[in-house]
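One structure below.
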Amino acid sequence: MSILEVKNLRKVYSSRLGGNRVEALRDVSFTVEQGEYVAVMGESGSGKTTLLNILAALDKPTGGTVLLDGKDLSKIRESSVAAFRRDNLGFVFQDFNLLDTFTLEDNIYLPLVLAGKRYEEMHGRLAPLADRLGIADILKKYPYEVSGGQKQRAAVARAVITDPKLLLADEPTGALDSRASDELLRLFAQVNARGQTIVMVTHSVKAASSAGRVLFIKDGEVFHQLYRGNDTDELLYQKISDTLTLIATGGRRQ
């Protein structure tokens with residue numbers, strides 16, 4: 001069952017006077033199945049960030065449609081879009097986006113507080129989640145008191161505590177050292193194994209090789225896709241590297 005359907009997506013940016021037009025996305029189509037883990041890769045300027053912003057309902061397409069569980073994101077009223085994102089989407093960012101004046105616990109609770117949930121329900125959701133993510137003993141600490149890896153674990157907890165239909169990750173390993181990156185990728189695999197659908201934008205071949213499918217964007221179009229199948233992380237890593245080399249050298253899609 002498809003949870004996300006992207007159909008003939010276009011995005012054109014124009015200068016204020018309309019003299020300069022940039023086509024960031026052109027005729028992009030793909031679907032994401034319930035429970036899939038998809039990585040999106042491409043060179044800087046390829047359109048992957050624009051795509052992520054549209055999937056996050058932060059921007060509207062010039063043409064085409066994005067359906068999340070059958071709902072057209074472009075048809076959501078401006079007055080309702082923030083609530084829609086809170087109730088349906090989870091976000092993990094490169095720079096964590098945690099509030100330094102809040103404890104990790106309060107940062108994680110924030111989307112539930114905004115949704116009007118009672119403390120008992122929030123605590124009931126967090127307790128088992130914090131145990132699984134290995135952060136139960138640091139919930140009372142502030143972001144500046146913990147490591148980057150621990151911050152990102154808290155950010156993941158905040159993203160999934162609402163049980164979102166889609167988890168969007170923007171370069172989630174970008175600010176982490178290799179050890180913390182490995183821990184985060186194992187964490188994503190665990191979250192995905194429990195049924196969470198994930199779409200991750202990344203420059204990291206290692207991060208992408210942890211996904212079940214890799215979607216390559218070039219010049220605003222889908223250039224190629226790789227499916228894990230029975231491939232190991234190492235074999236998928238090599239296939240991703242080969243595809244990126246093909247993109248960088250101007251090769252044709254396979």
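Labels for the structure tokens follow display order: chains A, B, ..., residues from 1 in each chain, ligands from 1.
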
Contacts of segment 125-238 of chain A with segment 19-35 of chain A up to 7 Å, shortest pair per row, only C-alpha atoms, as JSON lines:
{"residue": "A:Asn192", "atom": "CA", "partner": "A:Gly35", "partner_atom": "CA", "distance": 6.6}
{"residue": "A:Gly195", "atom": "CA", "partner": "A:Gly35", "partner_atom": "CA", "distance": 4.8}
{"residue": "A:Gln196", "atom": "CA", "partner": "A:Gly35", "partner_atom": "CA", "distance": 5.3}
{"residue": "A:Thr197", "atom": "CA", "partner": "A:Gly35", "partner_atom": "CA", "distance": 4.3}
{"residue": "A:Gly220", "atom": "CA", "partner": "A:Leu25", "partner_atom": "CA", "distance": 4.0}
{"residue": "A:Glu221", "atom": "CA", "partner": "A:Val28", "partner_atom": "CA", "distance": 5.6}
{"residue": "A:Val222", "atom": "CA", "partner": "A:Val28", "partner_atom": "CA", "distance": 6.1}

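Per DSSP on the backbone, alpha helix (DSSP H) in segment 213-242 of chain A comprises A:Asp233, A:Glu234, A:Leu235, A:Leu236, A:Tyr237, A:Gln238, A:Lys239, A:Ile240, A:Ser241, A:Asp242.
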
Margin query: For Gly63 of chain A, find every residue with an atom within 7 Å (counting only C-alpha atoms), except residues of its own chain fewer than 6 positions away, and show them as a PyMOL selection string.
Written below: chain A and resi 9-11

Note to self: Give me, as a PyMOL selection string, all polymer residues having an atom no more than 7 Å from Tyr142 of chain A, counting only C-alpha atoms and skipping those fewer than 4 positions away in the same chain.
What the structure shows: chain A and resi 100+102-104

Next item on the list: Among the residues of segment 141-211 of chain A, find those DSSP assigns to strand (DSSP E or B) from the backbone and print them as a VMD selection string.
Entry: chain A and resid 166 to 170 198 to 201

Check: Separation of atom CA of Pro111 of chain A and atom CA of Lys60 of chain A, in Å?
Finding: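 These atoms are spaced 23.1 Å apart.
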
Next item on the list: Excluding Asn88 of chain A and any residue of its chain fewer than 5 positions from it, enumerate the residues within 9 Å of it, using only C-alpha atoms, and give them as a list in words.
Entry: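 Within the cut-off, the hits are Leu68, Ala83, Thr162, Asp163, Pro164, Lys165, Leu166 and Leu167 of chain A.
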
Selection from above, C-alpha atoms, as a compact mmCIF listing (two decimals), in the first residue's frame, can you write it?
# COMPACT_ATOMS: atom_id res chain seq x y z
CA LEU A 68 0.08 11.56 1.73
CA ALA A 83 -1.52 21.17 12.49
CA THR A 162 3.39 11.38 17.53
CA ASP A 163 3.33 8.13 15.51
CA PRO A 164 3.62 10.03 12.20
CA LYS A 165 2.57 8.62 8.86
CA LEU A 166 5.89 9.74 7.39
CA LEU A 167 9.26 10.48 8.98

Check: Hey, what's within 12 Å of Ser178 of chain A if we count only C-alpha atoms and toss same-chain stuff fewer than 2 positions away? As a PyMOL selection string, please?
Finding: chain A and resi 148-149+173-176+180-185+204+206-207

For the selection just defined, write its residues with all heavy atoms to a file, as a short mmCIF file (atom, residue, chain, number, x, y, z; two decimals), in the first residue's frame.
data_model
loop_
_atom_site.label_atom_id
_atom_site.label_comp_id
_atom_site.auth_asym_id
_atom_site.auth_seq_id
_atom_site.Cartn_x
_atom_site.Cartn_y
_atom_site.Cartn_z
N GLY A 148 26.29 15.16 20.69
CA GLY A 148 25.54 15.29 19.45
C GLY A 148 24.69 14.06 19.17
O GLY A 148 23.55 14.17 18.73
N GLY A 149 25.26 12.88 19.43
CA GLY A 149 24.50 11.66 19.20
C GLY A 149 23.29 11.56 20.10
O GLY A 149 22.21 11.11 19.67
N THR A 173 22.77 12.67 9.63
CA THR A 173 24.10 12.34 10.15
C THR A 173 25.11 13.46 9.90
O THR A 173 26.29 13.33 10.25
CB THR A 173 24.64 11.04 9.51
OG1 THR A 173 24.78 11.24 8.09
CG2 THR A 173 23.70 9.87 9.76
N GLY A 174 24.66 14.55 9.31
CA GLY A 174 25.58 15.61 8.87
C GLY A 174 26.39 16.25 9.96
O GLY A 174 27.52 16.69 9.73
N ALA A 175 25.85 16.35 11.18
CA ALA A 175 26.55 17.01 12.27
C ALA A 175 27.13 16.02 13.27
O ALA A 175 27.54 16.42 14.37
CB ALA A 175 25.60 17.98 12.99
N LEU A 176 27.19 14.74 12.91
CA LEU A 176 27.62 13.70 13.84
C LEU A 176 28.96 13.12 13.43
O LEU A 176 29.29 13.05 12.24
CB LEU A 176 26.58 12.58 13.89
CG LEU A 176 25.14 12.97 14.26
CD1 LEU A 176 24.24 11.74 14.22
CD2 LEU A 176 25.10 13.62 15.64
N ALA A 180 28.70 8.26 16.24
CA ALA A 180 27.31 8.69 16.46
C ALA A 180 26.46 8.47 15.21
O ALA A 180 25.28 8.15 15.30
CB ALA A 180 27.27 10.16 16.87
N SER A 181 27.08 8.63 14.03
CA SER A 181 26.36 8.37 12.78
C SER A 181 25.94 6.91 12.69
O SER A 181 24.81 6.60 12.32
CB SER A 181 27.24 8.73 11.57
OG SER A 181 27.49 10.12 11.52
N ASP A 182 26.87 6.02 13.03
CA ASP A 182 26.55 4.58 13.00
C ASP A 182 25.41 4.26 13.96
O ASP A 182 24.52 3.48 13.64
CB ASP A 182 27.79 3.77 13.38
CG ASP A 182 28.86 3.78 12.28
OD1 ASP A 182 28.54 4.20 11.16
OD2 ASP A 182 30.01 3.40 12.58
N GLU A 183 25.45 4.88 15.14
CA GLU A 183 24.39 4.65 16.13
C GLU A 183 23.04 5.14 15.61
O GLU A 183 22.02 4.47 15.77
CB GLU A 183 24.73 5.35 17.44
CG GLU A 183 25.91 4.73 18.20
CD GLU A 183 26.25 5.52 19.45
OE1 GLU A 183 25.68 6.60 19.66
OE2 GLU A 183 27.11 5.04 20.22
N LEU A 184 23.05 6.31 14.96
CA LEU A 184 21.80 6.85 14.44
C LEU A 184 21.24 5.97 13.33
O LEU A 184 20.03 5.73 13.27
CB LEU A 184 22.01 8.27 13.92
CG LEU A 184 20.75 8.93 13.33
CD1 LEU A 184 19.71 9.17 14.42
CD2 LEU A 184 21.08 10.21 12.61
N LEU A 185 22.11 5.47 12.46
CA LEU A 185 21.64 4.62 11.36
C LEU A 185 21.07 3.32 11.90
O LEU A 185 20.07 2.80 11.37
CB LEU A 185 22.77 4.37 10.38
CG LEU A 185 23.26 5.62 9.62
CD1 LEU A 185 24.45 5.28 8.73
CD2 LEU A 185 22.13 6.25 8.81
N SER A 204 25.42 11.40 2.29
CA SER A 204 26.27 10.32 2.80
C SER A 204 25.95 8.99 2.13
O SER A 204 24.83 8.48 2.25
CB SER A 204 26.11 10.20 4.31
OG SER A 204 26.69 9.01 4.80
N LYS A 206 27.19 6.19 3.04
CA LYS A 206 27.00 5.23 4.12
C LYS A 206 25.58 5.29 4.66
O LYS A 206 24.95 4.25 4.91
CB LYS A 206 28.00 5.48 5.24
CG LYS A 206 27.95 4.42 6.33
CD LYS A 206 29.10 4.56 7.29
CE LYS A 206 29.13 3.39 8.28
NZ LYS A 206 30.28 3.48 9.20
N ALA A 207 25.07 6.50 4.86
CA ALA A 207 23.70 6.64 5.35
C ALA A 207 22.71 6.05 4.34
O ALA A 207 21.80 5.31 4.70
CB ALA A 207 23.38 8.10 5.62
#

Margin query: With distances taken over only C-alpha atoms, which residue among A:Ser209, A:Ser15, A:Thr249, A:Ser2 lies nearest Glu234 of chain A?
Written below: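 Of A:Ser209, A:Ser15, A:Thr249, A:Ser2, the one nearest Glu234 of chain A, counting only C-alpha atoms, is A:Ser209.
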
Check: Quick one: distance from atom CA of Arg228 of chain A to atom CA of Arg213 of chain A in Å, one decimal?
Finding: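 If I compute the distance from atom CA of Arg228 of chain A to atom CA of Arg213 of chain A, I get 5.8 Å.
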
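Take the candidates A:Phe91, A:Tyr227, A:Leu168, A:Phe216 and check each one against Leu246 of chain A using only C-alpha atoms; the shortest distance goes to A:Phe216.
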
Residue neighbourhood Leu99 of chain A, 12 Å, only C-alpha atoms, exclusion window fewer than 2 positions, as a PDB file with all heavy atoms, in the first residue's frame:
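Produced file around.pdb, reproduced below:
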ATOM      1  N   ASP A  95      20.794  19.761  12.294  1.00  0.00           N
ATOM      2  CA  ASP A  95      21.226  20.541  13.460  1.00  0.00           C
ATOM      3  C   ASP A  95      20.301  20.338  14.671  1.00  0.00           C
ATOM      4  O   ASP A  95      20.271  21.163  15.582  1.00  0.00           O
ATOM      5  CB  ASP A  95      21.331  22.023  13.115  1.00  0.00           C
ATOM      6  CG  ASP A  95      20.022  22.601  12.578  1.00  0.00           C
ATOM      7  OD1 ASP A  95      19.040  21.829  12.466  1.00  0.00           O
ATOM      8  OD2 ASP A  95      19.975  23.802  12.278  1.00  0.00           O
ATOM      9  N   PHE A  96      19.542  19.241  14.674  1.00  0.00           N
ATOM     10  CA  PHE A  96      18.740  18.770  15.800  1.00  0.00           C
ATOM     11  C   PHE A  96      17.487  19.602  16.065  1.00  0.00           C
ATOM     12  O   PHE A  96      16.441  19.067  16.403  1.00  0.00           O
ATOM     13  CB  PHE A  96      19.567  18.699  17.096  1.00  0.00           C
ATOM     14  CG  PHE A  96      20.959  18.175  16.925  1.00  0.00           C
ATOM     15  CD1 PHE A  96      22.062  18.903  17.346  1.00  0.00           C
ATOM     16  CD2 PHE A  96      21.183  16.948  16.312  1.00  0.00           C
ATOM     17  CE1 PHE A  96      23.344  18.427  17.174  1.00  0.00           C
ATOM     18  CE2 PHE A  96      22.460  16.447  16.137  1.00  0.00           C
ATOM     19  CZ  PHE A  96      23.547  17.201  16.567  1.00  0.00           C
ATOM     20  N   ASN A  97      17.590  20.950  15.976  1.00  0.00           N
ATOM     21  CA  ASN A  97      16.449  21.845  16.234  1.00  0.00           C
ATOM     22  C   ASN A  97      15.813  21.613  17.608  1.00  0.00           C
ATOM     23  O   ASN A  97      14.580  21.602  17.747  1.00  0.00           O
ATOM     24  CB  ASN A  97      15.388  21.699  15.141  1.00  0.00           C
ATOM     25  CG  ASN A  97      15.728  22.513  13.900  1.00  0.00           C
ATOM     26  OD1 ASN A  97      16.884  22.862  13.680  1.00  0.00           O
ATOM     27  ND2 ASN A  97      14.741  22.813  13.097  1.00  0.00           N
ATOM     28  N   THR A 101      16.488  25.923  26.094  1.00  0.00           N
ATOM     29  CA  THR A 101      15.861  26.276  27.371  1.00  0.00           C
ATOM     30  C   THR A 101      14.911  25.194  27.870  1.00  0.00           C
ATOM     31  O   THR A 101      14.349  25.322  28.950  1.00  0.00           O
ATOM     32  CB  THR A 101      15.101  27.604  27.235  1.00  0.00           C
ATOM     33  OG1 THR A 101      14.181  27.509  26.147  1.00  0.00           O
ATOM     34  CG2 THR A 101      16.070  28.761  26.989  1.00  0.00           C
ATOM     35  N   PHE A 102      14.743  24.138  27.080  1.00  0.00           N
ATOM     36  CA  PHE A 102      13.903  23.005  27.459  1.00  0.00           C
ATOM     37  C   PHE A 102      14.786  21.794  27.733  1.00  0.00           C
ATOM     38  O   PHE A 102      15.812  21.597  27.082  1.00  0.00           O
ATOM     39  CB  PHE A 102      12.939  22.632  26.329  1.00  0.00           C
ATOM     40  CG  PHE A 102      11.734  23.525  26.182  1.00  0.00           C
ATOM     41  CD1 PHE A 102      11.702  24.794  26.732  1.00  0.00           C
ATOM     42  CD2 PHE A 102      10.626  23.090  25.470  1.00  0.00           C
ATOM     43  CE1 PHE A 102      10.595  25.613  26.578  1.00  0.00           C
ATOM     44  CE2 PHE A 102       9.510  23.891  25.314  1.00  0.00           C
ATOM     45  CZ  PHE A 102       9.499  25.167  25.870  1.00  0.00           C
ATOM     46  N   THR A 103      14.394  20.954  28.683  1.00  0.00           N
ATOM     47  CA  THR A 103      15.073  19.678  28.852  1.00  0.00           C
ATOM     48  C   THR A 103      14.796  18.799  27.631  1.00  0.00           C
ATOM     49  O   THR A 103      13.899  19.087  26.831  1.00  0.00           O
ATOM     50  CB  THR A 103      14.570  18.943  30.108  1.00  0.00           C
ATOM     51  OG1 THR A 103      13.176  18.637  29.927  1.00  0.00           O
ATOM     52  CG2 THR A 103      14.776  19.778  31.362  1.00  0.00           C
ATOM     53  N   LEU A 104      15.552  17.726  27.509  1.00  0.00           N
ATOM     54  CA  LEU A 104      15.285  16.799  26.413  1.00  0.00           C
ATOM     55  C   LEU A 104      13.856  16.270  26.496  1.00  0.00           C
ATOM     56  O   LEU A 104      13.165  16.137  25.482  1.00  0.00           O
ATOM     57  CB  LEU A 104      16.276  15.637  26.445  1.00  0.00           C
ATOM     58  CG  LEU A 104      17.757  15.979  26.246  1.00  0.00           C
ATOM     59  CD1 LEU A 104      18.584  14.705  26.249  1.00  0.00           C
ATOM     60  CD2 LEU A 104      17.986  16.753  24.963  1.00  0.00           C
ATOM     61  N   GLU A 105      13.412  15.982  27.710  1.00  0.00           N
ATOM     62  CA  GLU A 105      12.054  15.488  27.916  1.00  0.00           C
ATOM     63  C   GLU A 105      11.025  16.478  27.389  1.00  0.00           C
ATOM     64  O   GLU A 105      10.096  16.103  26.655  1.00  0.00           O
ATOM     65  CB  GLU A 105      11.825  15.227  29.400  1.00  0.00           C
ATOM     66  CG  GLU A 105      10.449  14.673  29.730  1.00  0.00           C
ATOM     67  CD  GLU A 105      10.304  14.403  31.211  1.00  0.00           C
ATOM     68  OE1 GLU A 105      10.589  15.321  32.018  1.00  0.00           O
ATOM     69  OE2 GLU A 105       9.922  13.276  31.572  1.00  0.00           O
ATOM     70  N   ASP A 106      11.179  17.739  27.731  1.00  0.00           N
ATOM     71  CA  ASP A 106      10.216  18.746  27.296  1.00  0.00           C
ATOM     72  C   ASP A 106      10.295  18.982  25.789  1.00  0.00           C
ATOM     73  O   ASP A 106       9.277  19.263  25.145  1.00  0.00           O
ATOM     74  CB  ASP A 106      10.441  20.051  28.048  1.00  0.00           C
ATOM     75  CG  ASP A 106      10.013  19.965  29.501  1.00  0.00           C
ATOM     76  OD1 ASP A 106       9.210  19.074  29.827  1.00  0.00           O
ATOM     77  OD2 ASP A 106      10.489  20.782  30.321  1.00  0.00           O
ATOM     78  N   ASN A 107      11.503  18.899  25.209  1.00  0.00           N
ATOM     79  CA  ASN A 107      11.633  18.996  23.757  1.00  0.00           C
ATOM     80  C   ASN A 107      10.850  17.883  23.069  1.00  0.00           C
ATOM     81  O   ASN A 107      10.170  18.117  22.063  1.00  0.00           O
ATOM     82  CB  ASN A 107      13.110  18.908  23.355  1.00  0.00           C
ATOM     83  CG  ASN A 107      13.791  20.268  23.275  1.00  0.00           C
ATOM     84  OD1 ASN A 107      13.600  21.011  22.314  1.00  0.00           O
ATOM     85  ND2 ASN A 107      14.576  20.588  24.287  1.00  0.00           N
ATOM     86  N   ILE A 108      10.948  16.673  23.608  1.00  0.00           N
ATOM     87  CA  ILE A 108      10.259  15.532  23.012  1.00  0.00           C
ATOM     88  C   ILE A 108       8.747  15.663  23.177  1.00  0.00           C
ATOM     89  O   ILE A 108       7.975  15.309  22.280  1.00  0.00           O
ATOM     90  CB  ILE A 108      10.768  14.225  23.650  1.00  0.00           C
ATOM     91  CG1 ILE A 108      12.256  14.037  23.334  1.00  0.00           C
ATOM     92  CG2 ILE A 108       9.966  13.027  23.143  1.00  0.00           C
ATOM     93  CD1 ILE A 108      12.923  12.955  24.165  1.00  0.00           C
ATOM     94  N   TYR A 109       8.327  16.186  24.308  1.00  0.00           N
ATOM     95  CA  TYR A 109       6.894  16.363  24.562  1.00  0.00           C
ATOM     96  C   TYR A 109       6.257  17.451  23.701  1.00  0.00           C
ATOM     97  O   TYR A 109       5.021  17.474  23.532  1.00  0.00           O
ATOM     98  CB  TYR A 109       6.667  16.746  26.027  1.00  0.00           C
ATOM     99  CG  TYR A 109       6.701  15.614  27.021  1.00  0.00           C
ATOM    100  CD1 TYR A 109       7.031  15.860  28.361  1.00  0.00           C
ATOM    101  CD2 TYR A 109       6.384  14.313  26.653  1.00  0.00           C
ATOM    102  CE1 TYR A 109       7.055  14.833  29.304  1.00  0.00           C
ATOM    103  CE2 TYR A 109       6.408  13.277  27.571  1.00  0.00           C
ATOM    104  CZ  TYR A 109       6.745  13.545  28.899  1.00  0.00           C
ATOM    105  OH  TYR A 109       6.764  12.518  29.816  1.00  0.00           O
ATOM    106  N   LEU A 110       7.052  18.375  23.180  1.00  0.00           N
ATOM    107  CA  LEU A 110       6.521  19.598  22.569  1.00  0.00           C
ATOM    108  C   LEU A 110       5.416  19.358  21.541  1.00  0.00           C
ATOM    109  O   LEU A 110       4.355  19.991  21.615  1.00  0.00           O
ATOM    110  CB  LEU A 110       7.664  20.410  21.960  1.00  0.00           C
ATOM    111  CG  LEU A 110       7.300  21.808  21.458  1.00  0.00           C
ATOM    112  CD1 LEU A 110       6.666  22.641  22.574  1.00  0.00           C
ATOM    113  CD2 LEU A 110       8.533  22.522  20.908  1.00  0.00           C
ATOM    114  N   LYS A 141      18.160  16.279  31.338  1.00  0.00           N
ATOM    115  CA  LYS A 141      19.270  17.149  30.958  1.00  0.00           C
ATOM    116  C   LYS A 141      18.845  18.084  29.829  1.00  0.00           C
ATOM    117  O   LYS A 141      17.863  17.851  29.128  1.00  0.00           O
ATOM    118  CB  LYS A 141      20.469  16.309  30.521  1.00  0.00           C
ATOM    119  CG  LYS A 141      21.109  15.539  31.667  1.00  0.00           C
ATOM    120  CD  LYS A 141      22.408  14.875  31.234  1.00  0.00           C
ATOM    121  CE  LYS A 141      23.091  14.204  32.429  1.00  0.00           C
ATOM    122  NZ  LYS A 141      24.391  13.608  32.059  1.00  0.00           N
ATOM    123  N   TYR A 142      19.641  19.152  29.676  1.00  0.00           N
ATOM    124  CA  TYR A 142      19.392  20.123  28.610  1.00  0.00           C
ATOM    125  C   TYR A 142      20.264  19.780  27.399  1.00  0.00           C
ATOM    126  O   TYR A 142      21.297  19.108  27.539  1.00  0.00           O
ATOM    127  CB  TYR A 142      19.677  21.540  29.105  1.00  0.00           C
ATOM    128  CG  TYR A 142      18.670  22.021  30.116  1.00  0.00           C
ATOM    129  CD1 TYR A 142      18.814  21.709  31.469  1.00  0.00           C
ATOM    130  CD2 TYR A 142      17.567  22.769  29.711  1.00  0.00           C
ATOM    131  CE1 TYR A 142      17.873  22.138  32.409  1.00  0.00           C
ATOM    132  CE2 TYR A 142      16.618  23.204  30.637  1.00  0.00           C
ATOM    133  CZ  TYR A 142      16.776  22.891  31.977  1.00  0.00           C
ATOM    134  OH  TYR A 142      15.842  23.307  32.891  1.00  0.00           O
ATOM    135  N   PRO A 143      19.877  20.241  26.199  1.00  0.00           N
ATOM    136  CA  PRO A 143      20.647  19.883  25.001  1.00  0.00           C
ATOM    137  C   PRO A 143      22.134  20.201  25.098  1.00  0.00           C
ATOM    138  O   PRO A 143      22.964  19.440  24.586  1.00  0.00           O
ATOM    139  CB  PRO A 143      19.961  20.708  23.899  1.00  0.00           C
ATOM    140  CG  PRO A 143      18.542  20.804  24.349  1.00  0.00           C
ATOM    141  CD  PRO A 143      18.634  20.962  25.848  1.00  0.00           C
ATOM    142  N   TYR A 144      22.484  21.319  25.758  1.00  0.00           N
ATOM    143  CA  TYR A 144      23.901  21.691  25.845  1.00  0.00           C
ATOM    144  C   TYR A 144      24.682  20.813  26.832  1.00  0.00           C
ATOM    145  O   TYR A 144      25.903  20.932  26.927  1.00  0.00           O
ATOM    146  CB  TYR A 144      24.046  23.166  26.227  1.00  0.00           C
ATOM    147  CG  TYR A 144      23.316  23.580  27.490  1.00  0.00           C
ATOM    148  CD1 TYR A 144      23.866  23.358  28.749  1.00  0.00           C
ATOM    149  CD2 TYR A 144      22.076  24.211  27.411  1.00  0.00           C
ATOM    150  CE1 TYR A 144      23.198  23.734  29.900  1.00  0.00           C
ATOM    151  CE2 TYR A 144      21.397  24.585  28.556  1.00  0.00           C
ATOM    152  CZ  TYR A 144      21.963  24.353  29.796  1.00  0.00           C
ATOM    153  OH  TYR A 144      21.292  24.738  30.939  1.00  0.00           O
ATOM    154  N   LYS A 151      21.689  14.150  21.393  1.00  0.00           N
ATOM    155  CA  LYS A 151      20.744  15.152  20.899  1.00  0.00           C
ATOM    156  C   LYS A 151      19.923  14.579  19.741  1.00  0.00           C
ATOM    157  O   LYS A 151      18.704  14.750  19.682  1.00  0.00           O
ATOM    158  CB  LYS A 151      21.484  16.400  20.405  1.00  0.00           C
ATOM    159  CG  LYS A 151      22.084  17.269  21.474  1.00  0.00           C
ATOM    160  CD  LYS A 151      22.803  18.446  20.828  1.00  0.00           C
ATOM    161  CE  LYS A 151      23.566  19.254  21.842  1.00  0.00           C
ATOM    162  NZ  LYS A 151      24.328  20.360  21.213  1.00  0.00           N
ATOM    163  N   ALA A 154      17.309  12.202  20.891  1.00  0.00           N
ATOM    164  CA  ALA A 154      16.157  12.947  21.419  1.00  0.00           C
ATOM    165  C   ALA A 154      15.323  13.516  20.275  1.00  0.00           C
ATOM    166  O   ALA A 154      14.082  13.518  20.337  1.00  0.00           O
ATOM    167  CB  ALA A 154      16.633  14.065  22.339  1.00  0.00           C
ATOM    168  N   ALA A 155      15.991  13.978  19.226  1.00  0.00           N
ATOM    169  CA  ALA A 155      15.276  14.515  18.066  1.00  0.00           C
ATOM    170  C   ALA A 155      14.453  13.421  17.377  1.00  0.00           C
ATOM    171  O   ALA A 155      13.340  13.662  16.922  1.00  0.00           O
ATOM    172  CB  ALA A 155      16.263  15.135  17.083  1.00  0.00           C
ATOM    173  N   ARG A 158      11.393  12.821  19.501  1.00  0.00           N
ATOM    174  CA  ARG A 158      10.396  13.875  19.260  1.00  0.00           C
ATOM    175  C   ARG A 158       9.674  13.646  17.939  1.00  0.00           C
ATOM    176  O   ARG A 158       8.477  13.893  17.811  1.00  0.00           O
ATOM    177  CB  ARG A 158      11.085  15.243  19.249  1.00  0.00           C
ATOM    178  CG  ARG A 158      10.150  16.424  19.014  1.00  0.00           C
ATOM    179  CD  ARG A 158      10.934  17.719  18.856  1.00  0.00           C
ATOM    180  NE  ARG A 158      11.886  17.626  17.781  1.00  0.00           N
ATOM    181  CZ  ARG A 158      12.839  18.532  17.543  1.00  0.00           C
ATOM    182  NH1 ARG A 158      12.959  19.583  18.331  1.00  0.00           N
ATOM    183  NH2 ARG A 158      13.670  18.382  16.534  1.00  0.00           N
TER     184      ARG A 158
END

Next item on the list: Quote the spacing between atom CA of Asp131 of chain A and atom CA of Arg153 of chain A in Å to one decimal place.
Entry: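 Computing it gives 11.2 Å between the two atoms.
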